[in-house]
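Peer 1: Supplied structure: input_18.pdb, PDB, C-alpha atoms.
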```
ATOM      1  CA  MET V   1     164.345  75.916 195.754
ATOM      2  CA  ALA V   2     166.511  77.710 193.226
ATOM      3  CA  ASN V   3     164.043  80.351 192.114
ATOM      4  CA  LYS V   4     161.349  81.972 194.129
ATOM      5  CA  PRO V   5     157.881  80.567 193.371
ATOM      6  CA  ARG V   6     155.574  82.900 191.505
ATOM      7  CA  VAL V   7     152.166  83.818 192.877
ATOM      8  CA  LYS V   8     149.541  85.721 190.953
ATOM      9  CA  LEU V   9     147.125  87.339 193.353
ATOM     10  CA  PRO V  10     145.212  90.544 192.544
ATOM     11  CA  LYS V  11     146.383  93.601 194.523
ATOM     12  CA  SER V  12     142.840  94.574 195.334
ATOM     13  CA  ALA V  13     139.388  93.026 195.260
ATOM     14  CA  LYS V  14     135.858  93.840 196.278
ATOM     15  CA  ALA V  15     134.458  92.183 199.385
ATOM     16  CA  GLY V  16     132.711  88.950 198.479
ATOM     17  CA  GLU V  17     134.409  88.750 195.096
ATOM     18  CA  ILE V  18     135.719  85.354 194.008
ATOM     19  CA  VAL V  19     139.410  85.735 193.302
ATOM     20  CA  GLN V  20     141.506  83.292 191.346
ATOM     21  CA  ILE V  21     145.010  82.629 192.611
ATOM     22  CA  LYS V  22     147.659  81.067 190.385
ATOM     23  CA  THR V  23     150.925  79.689 191.725
ATOM     24  CA  LEU V  24     153.963  78.336 189.938
ATOM     25  CA  ALA V  25     156.864  76.854 191.877
ATOM     26  CA  SER V  26     160.145  76.100 190.196
ATOM     27  CA  HIS V  27     161.166  72.545 191.024
ATOM     28  CA  ASP V  28     162.379  69.432 189.172
ATOM     29  CA  MET V  29     159.928  67.160 191.041
ATOM     30  CA  GLU V  30     162.315  64.196 190.719
ATOM     31  CA  THR V  31     160.058  61.126 190.786
ATOM     32  CA  GLY V  32     162.526  58.528 192.073
ATOM     33  CA  ASN V  33     161.745  56.355 189.036
ATOM     34  CA  ARG V  34     164.401  57.782 186.761
ATOM     35  CA  LYS V  35     167.937  56.461 186.366
ATOM     36  CA  ASP V  36     171.089  58.394 185.584
ATOM     37  CA  LYS V  37     173.562  57.488 182.803
ATOM     38  CA  LYS V  38     175.291  54.897 185.010
ATOM     39  CA  GLY V  39     171.997  53.171 185.773
ATOM     40  CA  ASN V  40     171.756  54.385 189.358
ATOM     41  CA  LYS V  41     168.374  55.463 190.587
ATOM     42  CA  ILE V  42     167.996  59.189 191.062
ATOM     43  CA  PRO V  43     166.488  59.611 194.532
ATOM     44  CA  ARG V  44     163.028  61.065 194.828
ATOM     45  CA  LEU V  45     162.882  64.763 195.656
ATOM     46  CA  ILE V  46     159.577  66.496 195.180
ATOM     47  CA  LEU V  47     157.578  69.261 196.730
ATOM     48  CA  ASN V  48     154.990  67.272 198.616
ATOM     49  CA  LYS V  49     152.920  69.993 200.257
ATOM     50  CA  PHE V  50     151.449  73.294 199.238
ATOM     51  CA  SER V  51     149.467  75.573 201.453
ATOM     52  CA  CYS V  52     147.776  78.935 201.199
ATOM     53  CA  SER V  53     146.841  80.535 204.486
ATOM     54  CA  PHE V  54     145.418  83.809 205.700
ATOM     55  CA  LYS V  55     146.057  84.984 209.270
ATOM     56  CA  GLY V  56     147.286  81.540 210.255
ATOM     57  CA  GLU V  57     144.234  79.728 208.929
ATOM     58  CA  GLU V  58     144.641  77.391 205.955
ATOM     59  CA  LEU V  59     142.346  78.329 203.092
ATOM     60  CA  PHE V  60     143.645  75.860 200.549
ATOM     61  CA  GLY V  61     146.191  73.075 200.598
ATOM     62  CA  ALA V  62     147.488  70.318 198.378
ATOM     63  CA  THR V  63     149.368  67.070 198.912
ATOM     64  CA  MET V  64     151.495  66.249 195.912
ATOM     65  CA  HIS V  65     152.835  62.909 194.743
ATOM     66  CA  PRO V  66     155.499  62.148 192.113
ATOM     67  CA  SER V  67     152.857  62.227 189.356
ATOM     68  CA  VAL V  68     152.689  66.015 189.566
ATOM     69  CA  SER V  69     154.597  67.693 186.740
ATOM     70  CA  ALA V  70     157.902  69.469 187.191
ATOM     71  CA  ASN V  71     157.450  73.129 188.168
ATOM     72  CA  PRO V  72     154.102  72.454 189.819
ATOM     73  CA  TYR V  73     151.347  74.837 188.815
ATOM     74  CA  ILE V  74     148.352  75.119 191.103
ATOM     75  CA  ALA V  75     145.430  77.447 190.549
ATOM     76  CA  PHE V  76     142.444  77.803 192.837
ATOM     77  CA  SER V  77     140.001  80.424 194.030
ATOM     78  CA  ILE V  78     139.031  82.091 197.260
ATOM     79  CA  THR V  79     136.402  84.581 198.353
ATOM     80  CA  ALA V  80     137.867  87.985 199.238
ATOM     81  CA  LYS V  81     136.781  88.903 202.766
ATOM     82  CA  GLU V  82     139.263  91.283 204.363
ATOM     83  CA  SER V  83     142.547  92.989 203.574
ATOM     84  CA  GLY V  84     145.694  91.292 204.681
ATOM     85  CA  THR V  85     148.640  89.108 203.837
ATOM     86  CA  TYR V  86     148.260  85.741 202.203
ATOM     87  CA  ASP V  87     151.034  83.237 202.926
ATOM     88  CA  PHE V  88     151.947  80.549 200.425
ATOM     89  CA  THR V  89     154.270  77.715 201.451
ATOM     90  CA  TRP V  90     155.800  74.762 199.635
ATOM     91  CA  THR V  91     157.450  71.902 201.544
ATOM     92  CA  ASP V  92     159.868  69.452 199.907
ATOM     93  CA  ASP V  93     160.811  65.876 200.841
ATOM     94  CA  ASN V  94     163.717  67.147 202.984
ATOM     95  CA  GLY V  95     161.375  69.334 204.984
ATOM     96  CA  GLU V  96     162.656  72.541 203.425
ATOM     97  CA  VAL V  97     159.940  75.185 203.379
ATOM     98  CA  THR V  98     159.745  77.996 200.827
ATOM     99  CA  LYS V  99     157.419  80.832 201.703
ATOM    100  CA  VAL V 100     155.985  83.651 199.638
ATOM    101  CA  SER V 101     153.704  86.318 201.093
ATOM    102  CA  GLN V 102     151.503  88.739 199.215
ATOM    103  CA  ASP V 103     149.074  91.424 200.250
ATOM    104  CA  MET V 104     145.594  91.947 198.927
ATOM    105  CA  SER V 105     143.432  94.889 199.893
ATOM    106  CA  VAL V 106     139.706  94.266 200.043
ATOM    107  CA  SER V 107     137.281  97.129 199.767
TER     108      SER V 107
ATOM    109  CA  MET U 108     160.493  40.449 185.208
ATOM    110  CA  SER U 109     163.736  40.474 183.213
ATOM    111  CA  ASN U 110     165.623  39.691 186.442
ATOM    112  CA  THR U 111     163.656  36.506 187.058
ATOM    113  CA  ASN U 112     164.322  35.384 183.514
ATOM    114  CA  SER U 113     168.078  35.858 183.689
ATOM    115  CA  GLN U 114     168.172  33.967 186.976
ATOM    116  CA  LEU U 115     166.311  31.052 185.427
ATOM    117  CA  VAL U 116     168.983  30.623 182.776
ATOM    118  CA  ARG U 117     171.692  30.105 185.352
ATOM    119  CA  MET U 118     169.768  27.543 187.424
ATOM    120  CA  ASP U 119     169.351  23.807 187.021
ATOM    121  CA  ARG U 120     165.916  22.428 186.190
ATOM    122  CA  ARG U 121     164.705  21.675 189.719
ATOM    123  CA  THR U 122     165.536  25.041 191.222
ATOM    124  CA  ALA U 123     164.288  26.634 188.074
ATOM    125  CA  LEU U 124     160.851  25.102 188.589
ATOM    126  CA  LYS U 125     160.800  26.252 192.204
ATOM    127  CA  ALA U 126     161.895  29.697 191.191
ATOM    128  CA  ALA U 127     159.195  29.793 188.548
ATOM    129  CA  GLY U 128     156.587  29.115 191.226
ATOM    130  CA  ALA U 129     158.041  31.824 193.422
ATOM    131  CA  GLY U 130     158.191  34.072 190.407
ATOM    132  CA  PHE U 131     154.469  33.822 189.920
ATOM    133  CA  VAL U 132     153.924  34.863 193.521
ATOM    134  CA  ALA U 133     156.370  37.727 193.120
ATOM    135  CA  LEU U 134     154.662  38.852 189.948
ATOM    136  CA  GLY U 135     151.340  38.836 191.740
ATOM    137  CA  PHE U 136     152.753  41.196 194.337
ATOM    138  CA  ALA U 137     154.409  43.321 191.726
ATOM    139  CA  SER U 138     151.153  43.920 189.948
ATOM    140  CA  THR U 139     149.483  45.168 193.124
ATOM    141  CA  ALA U 140     152.497  47.299 194.047
ATOM    142  CA  HIS U 141     152.465  48.915 190.657
ATOM    143  CA  ALA U 142     149.639  51.096 189.617
ATOM    144  CA  SER U 143     146.755  49.482 187.890
ATOM    145  CA  PRO U 144     143.094  50.288 187.673
ATOM    146  CA  GLU U 145     142.700  48.011 190.712
ATOM    147  CA  ALA U 146     145.195  49.990 192.789
ATOM    148  CA  ALA U 147     143.424  53.201 191.896
ATOM    149  CA  ALA U 148     140.061  51.641 192.718
ATOM    150  CA  GLU U 149     141.476  50.457 196.042
ATOM    151  CA  ALA U 150     142.680  53.929 196.941
ATOM    152  CA  LEU U 151     139.257  55.220 195.990
ATOM    153  CA  ALA U 152     137.487  52.634 198.152
ATOM    154  CA  LYS U 153     139.604  53.757 201.130
ATOM    155  CA  LEU U 154     138.224  57.281 200.743
ATOM    156  CA  SER U 155     134.614  56.219 200.788
ATOM    157  CA  GLY U 156     135.178  53.651 203.534
ATOM    158  CA  GLY U 157     134.537  50.696 201.240
ATOM    159  CA  ALA U 158     131.209  51.946 199.943
ATOM    160  CA  ALA U 159     130.889  52.308 196.216
ATOM    161  CA  ALA U 160     131.312  55.952 195.322
ATOM    162  CA  ALA U 161     128.696  57.420 193.029
ATOM    163  CA  THR U 162     129.747  58.581 189.592
ATOM    164  CA  SER U 163     128.534  62.117 189.314
ATOM    165  CA  ASP U 164     128.031  64.768 186.648
ATOM    166  CA  LYS U 165     128.730  67.362 189.319
ATOM    167  CA  ILE U 166     132.436  66.847 188.682
ATOM    168  CA  THR U 167     133.698  68.355 185.456
ATOM    169  CA  ILE U 168     137.169  67.269 184.390
ATOM    170  CA  SER U 169     138.881  69.224 181.670
ATOM    171  CA  LEU U 170     141.727  67.281 180.143
ATOM    172  CA  PRO U 171     143.068  67.163 176.610
ATOM    173  CA  GLU U 172     141.775  64.196 174.631
ATOM    174  CA  ILE U 173     145.260  63.591 173.307
ATOM    175  CA  ALA U 174     148.282  64.633 175.344
ATOM    176  CA  GLU U 175     151.365  64.844 173.149
ATOM    177  CA  ASN U 176     153.690  65.155 176.110
ATOM    178  CA  GLY U 177     152.819  63.092 179.161
ATOM    179  CA  ALA U 178     155.246  65.069 181.333
ATOM    180  CA  THR U 179     152.880  68.012 181.606
ATOM    181  CA  VAL U 180     149.206  67.397 181.077
ATOM    182  CA  PRO U 181     147.013  70.314 182.145
ATOM    183  CA  VAL U 182     144.019  69.240 184.184
ATOM    184  CA  GLY U 183     141.151  71.349 185.478
ATOM    185  CA  ILE U 184     138.555  70.094 187.921
ATOM    186  CA  THR U 185     135.332  71.848 188.800
ATOM    187  CA  VAL U 186     132.885  70.506 191.340
ATOM    188  CA  ASP U 187     129.399  71.943 191.391
ATOM    189  CA  SER U 188     129.072  73.011 195.005
ATOM    190  CA  PRO U 189     127.904  76.189 196.773
ATOM    191  CA  MET U 190     131.107  76.153 198.898
ATOM    192  CA  THR U 191     129.358  77.476 201.994
ATOM    193  CA  ALA U 192     130.042  76.348 205.553
ATOM    194  CA  ALA U 193     126.946  74.128 205.331
ATOM    195  CA  SER U 194     127.865  72.422 202.092
ATOM    196  CA  TYR U 195     131.322  72.364 200.568
ATOM    197  CA  VAL U 196     133.899  70.114 198.956
ATOM    198  CA  LYS U 197     136.472  69.054 201.526
ATOM    199  CA  GLN U 198     138.941  67.242 199.322
ATOM    200  CA  ILE U 199     139.551  66.571 195.660
ATOM    201  CA  HIS U 200     141.692  63.531 194.891
ATOM    202  CA  VAL U 201     143.230  62.853 191.503
ATOM    203  CA  PHE U 202     144.321  59.339 190.535
ATOM    204  CA  ALA U 203     146.143  58.296 187.386
ATOM    205  CA  GLU U 204     145.271  54.638 186.828
ATOM    206  CA  GLY U 205     148.295  53.729 184.720
ATOM    207  CA  ASN U 206     151.083  55.548 186.569
ATOM    208  CA  PRO U 207     153.707  53.791 188.732
ATOM    209  CA  SER U 208     151.786  55.143 191.735
ATOM    210  CA  PRO U 209     148.174  56.144 191.136
ATOM    211  CA  GLU U 210     147.920  58.935 193.735
ATOM    212  CA  THR U 211     148.662  62.160 191.934
ATOM    213  CA  ILE U 212     147.486  65.101 193.955
ATOM    214  CA  THR U 213     145.017  65.839 196.730
ATOM    215  CA  PHE U 214     143.519  69.279 197.211
ATOM    216  CA  ASN U 215     142.239  70.309 200.625
ATOM    217  CA  LEU U 216     139.533  72.910 200.306
ATOM    218  CA  THR U 217     137.703  75.140 202.732
ATOM    219  CA  PRO U 218     134.363  76.920 202.282
ATOM    220  CA  THR U 219     135.727  79.773 200.185
ATOM    221  CA  GLY U 220     135.753  80.693 196.514
ATOM    222  CA  THR U 221     134.586  77.998 194.125
ATOM    223  CA  ALA U 222     135.549  74.333 193.908
ATOM    224  CA  ASP U 223     137.618  74.943 190.816
ATOM    225  CA  VAL U 224     141.256  73.830 190.691
ATOM    226  CA  ASN U 225     143.844  73.603 187.962
ATOM    227  CA  THR U 226     147.205  71.875 187.877
ATOM    228  CA  ARG U 227     149.537  69.926 185.612
ATOM    229  CA  ILE U 228     150.191  66.216 186.005
ATOM    230  CA  ARG U 229     152.392  63.469 184.582
ATOM    231  CA  LEU U 230     150.828  60.557 182.729
ATOM    232  CA  SER U 231     152.961  57.536 181.830
ATOM    233  CA  LYS U 232     150.667  56.150 179.119
ATOM    234  CA  THR U 233     147.164  56.267 177.699
ATOM    235  CA  GLN U 234     144.877  55.834 180.678
ATOM    236  CA  ASN U 235     141.898  56.976 182.702
ATOM    237  CA  VAL U 236     142.249  59.851 185.116
ATOM    238  CA  LEU U 237     139.987  59.393 188.133
ATOM    239  CA  VAL U 238     138.756  62.265 190.243
ATOM    240  CA  ALA U 239     137.078  61.805 193.615
ATOM    241  CA  ALA U 240     135.508  64.632 195.552
ATOM    242  CA  VAL U 241     134.907  64.215 199.278
ATOM    243  CA  MET U 242     132.103  66.438 200.540
ATOM    244  CA  ASN U 243     131.904  67.886 204.049
ATOM    245  CA  ASP U 244     129.168  65.375 204.934
ATOM    246  CA  GLY U 245     131.523  62.507 204.036
ATOM    247  CA  SER U 246     129.887  61.482 200.771
ATOM    248  CA  VAL U 247     132.192  60.736 197.847
ATOM    249  CA  LEU U 248     131.545  61.575 194.222
ATOM    250  CA  THR U 249     133.736  60.342 191.391
ATOM    251  CA  ASN U 250     134.192  60.863 187.708
ATOM    252  CA  LYS U 251     136.816  59.849 185.194
ATOM    253  CA  LYS U 252     138.167  60.786 181.821
ATOM    254  CA  GLU U 253     140.418  59.006 179.365
ATOM    255  CA  VAL U 254     143.540  60.656 178.008
ATOM    256  CA  LYS U 255     145.554  59.348 175.083
ATOM    257  CA  VAL U 256     149.245  59.920 175.722
ATOM    258  CA  THR U 257     151.747  60.042 172.874
ATOM    259  CA  ILE U 258     154.976  60.257 174.911
ATOM    260  CA  GLY U 259     154.925  59.058 178.512
ATOM    261  CA  GLY U 260     156.055  61.397 181.236
ATOM    262  CA  CYS U 261     157.284  59.336 184.173
ATOM    263  CA  GLY U 262     160.930  58.883 183.167
ATOM    264  CA  GLY U 263     162.600  55.505 183.589
TER     265      GLY U 263
END
```
Could you take the file, read its structure, and then write that structure out as structure tokens?
Peer 2:
Amino acid sequence: MANKPRVKLPKSAKAGEIVQIKTLASHDMETGNRKDKKGNKIPRLILNKFSCSFKGEELFGATMHPSVSANPYIAFSITAKESGTYDFTWTDDNGEVTKVSQDMSVS
Amino acid sequence: MSNTNSQLVRMDRRTALKAAGAGFVALGFASTAHASPEAAAEALAKLSGGAAAATSDKITISLPEIAENGATVPVGITVDSPMTAASYVKQIHVFAEGNPSPETITFNLTPTGTADVNTRIRLSKTQNVLVAAVMNDGSVLTNKKEVKVTIGGCGG
């Protein structure tokens, strides 16, 4: 991935608070349906997996297909339980994994 | 479709008739391979193990009524669920009936936060967007919403 994906996660939250997380990855999400100027098919290359995990346990995940827009935006929510690092990963068709980690302190 | 036609022109009558017959068969396959409401319904039936999934008001889909650009259509899905270990939404599937492949995105949820997700999808034409929510007890709820698309967003 050319640019690092952006993750919006609050720096701190109260225990039990429902926190919204917004993520934006930067990717063309080539569908495999398009043709270039010479009429050759442009091969499919999309991010097909997204995952948000905390201490090795997946809290939220998504399987994406070519019908997801370019620069996939995914927003979801979690319940803040304890302080720690949240790991966000995106996997593309070639198996390349992009990882972003962010801390949130829970009081 | 256009391929079959151009082949017909170059053939004599007999082979043309045969080819026409084969063409019908091929077209039949093509229509199942391409997305159609049937393909989306089929994918949906697989989720619920063949049983008819109940249409439910518990699923709220927020989609624009008219999407000017089909390449990025914002979609928000909320499922009314307590999201506790005893009762939560396990998966949310989104299908676009009229796209080249109906499966759009699947969210895997765990008992945390609320069952409220937002994303952006591509829609090739005016069509229904189907949402199916699989609960932790295996029951499937569905809902759908129509979106009018001005410019399609699947390339090609």
Peer 1: May I ask which of the residues V:Leu24, V:Met29, V:Val19, V:Glu58 is the closest one to Asn3 of chain V, counting only C-alpha atoms?
Peer 2: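 Of V:Leu24, V:Met29, V:Val19, V:Glu58, the one nearest Asn3 of chain V, counting only C-alpha atoms, is V:Leu24.
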Peer 1: Which residues would end up in the selection if the PyMOL selection byres ((chain U) within 10 of (chain V)) were applied here, given that I need the answer as a ChimeraX atom specification?
Peer 2: /U:177-181,183-184,190,197-203,206-231,260-263
Peer 1: What is the atom CA of Leu47 of chain V to atom CA of Asn94 of chain V distance in Å?
Peer 2: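 So the two atoms, atom CA of Leu47 of chain V and atom CA of Asn94 of chain V, lie 9.0 Å apart.
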Peer 1: Starting from the PyMOL selection byres ((chain U and resi 148) around 12), expand the selection into actual residues of this file and give them as number ranges by chain.
Peer 2: U: 139, 142-147, 149-155, 157-160, 201-205, 209-210, 235-239, 249, 251
Peer 1: Distance atom CA of Asp244 of chain U-atom CA of Glu57 of chain V, one decimal place?
Peer 2: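 We find that atom CA of Asp244 of chain U and atom CA of Glu57 of chain V lie 21.2 Å from each other.
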Peer 1: Could you tell me how far atom CA of Asp103 of chain V sits from atom CA of Pro5 of chain V, in Å to one decimal place?
Peer 2: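 It comes out at 15.6 Å.
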Peer 1: As lines of an AutoDock Vina configuration file, please report the centre and edge lengths, rounded to one decimal in Å, of the axis-aligned box that holds all listed atoms of segment 237-240 of chain U with 3 Å of padding on each of the six sides.
Peer 2:
```
center_x = 137.7
center_y = 62.0
center_z = 191.8
size_x = 10.5
size_y = 11.2
size_z = 13.4
```
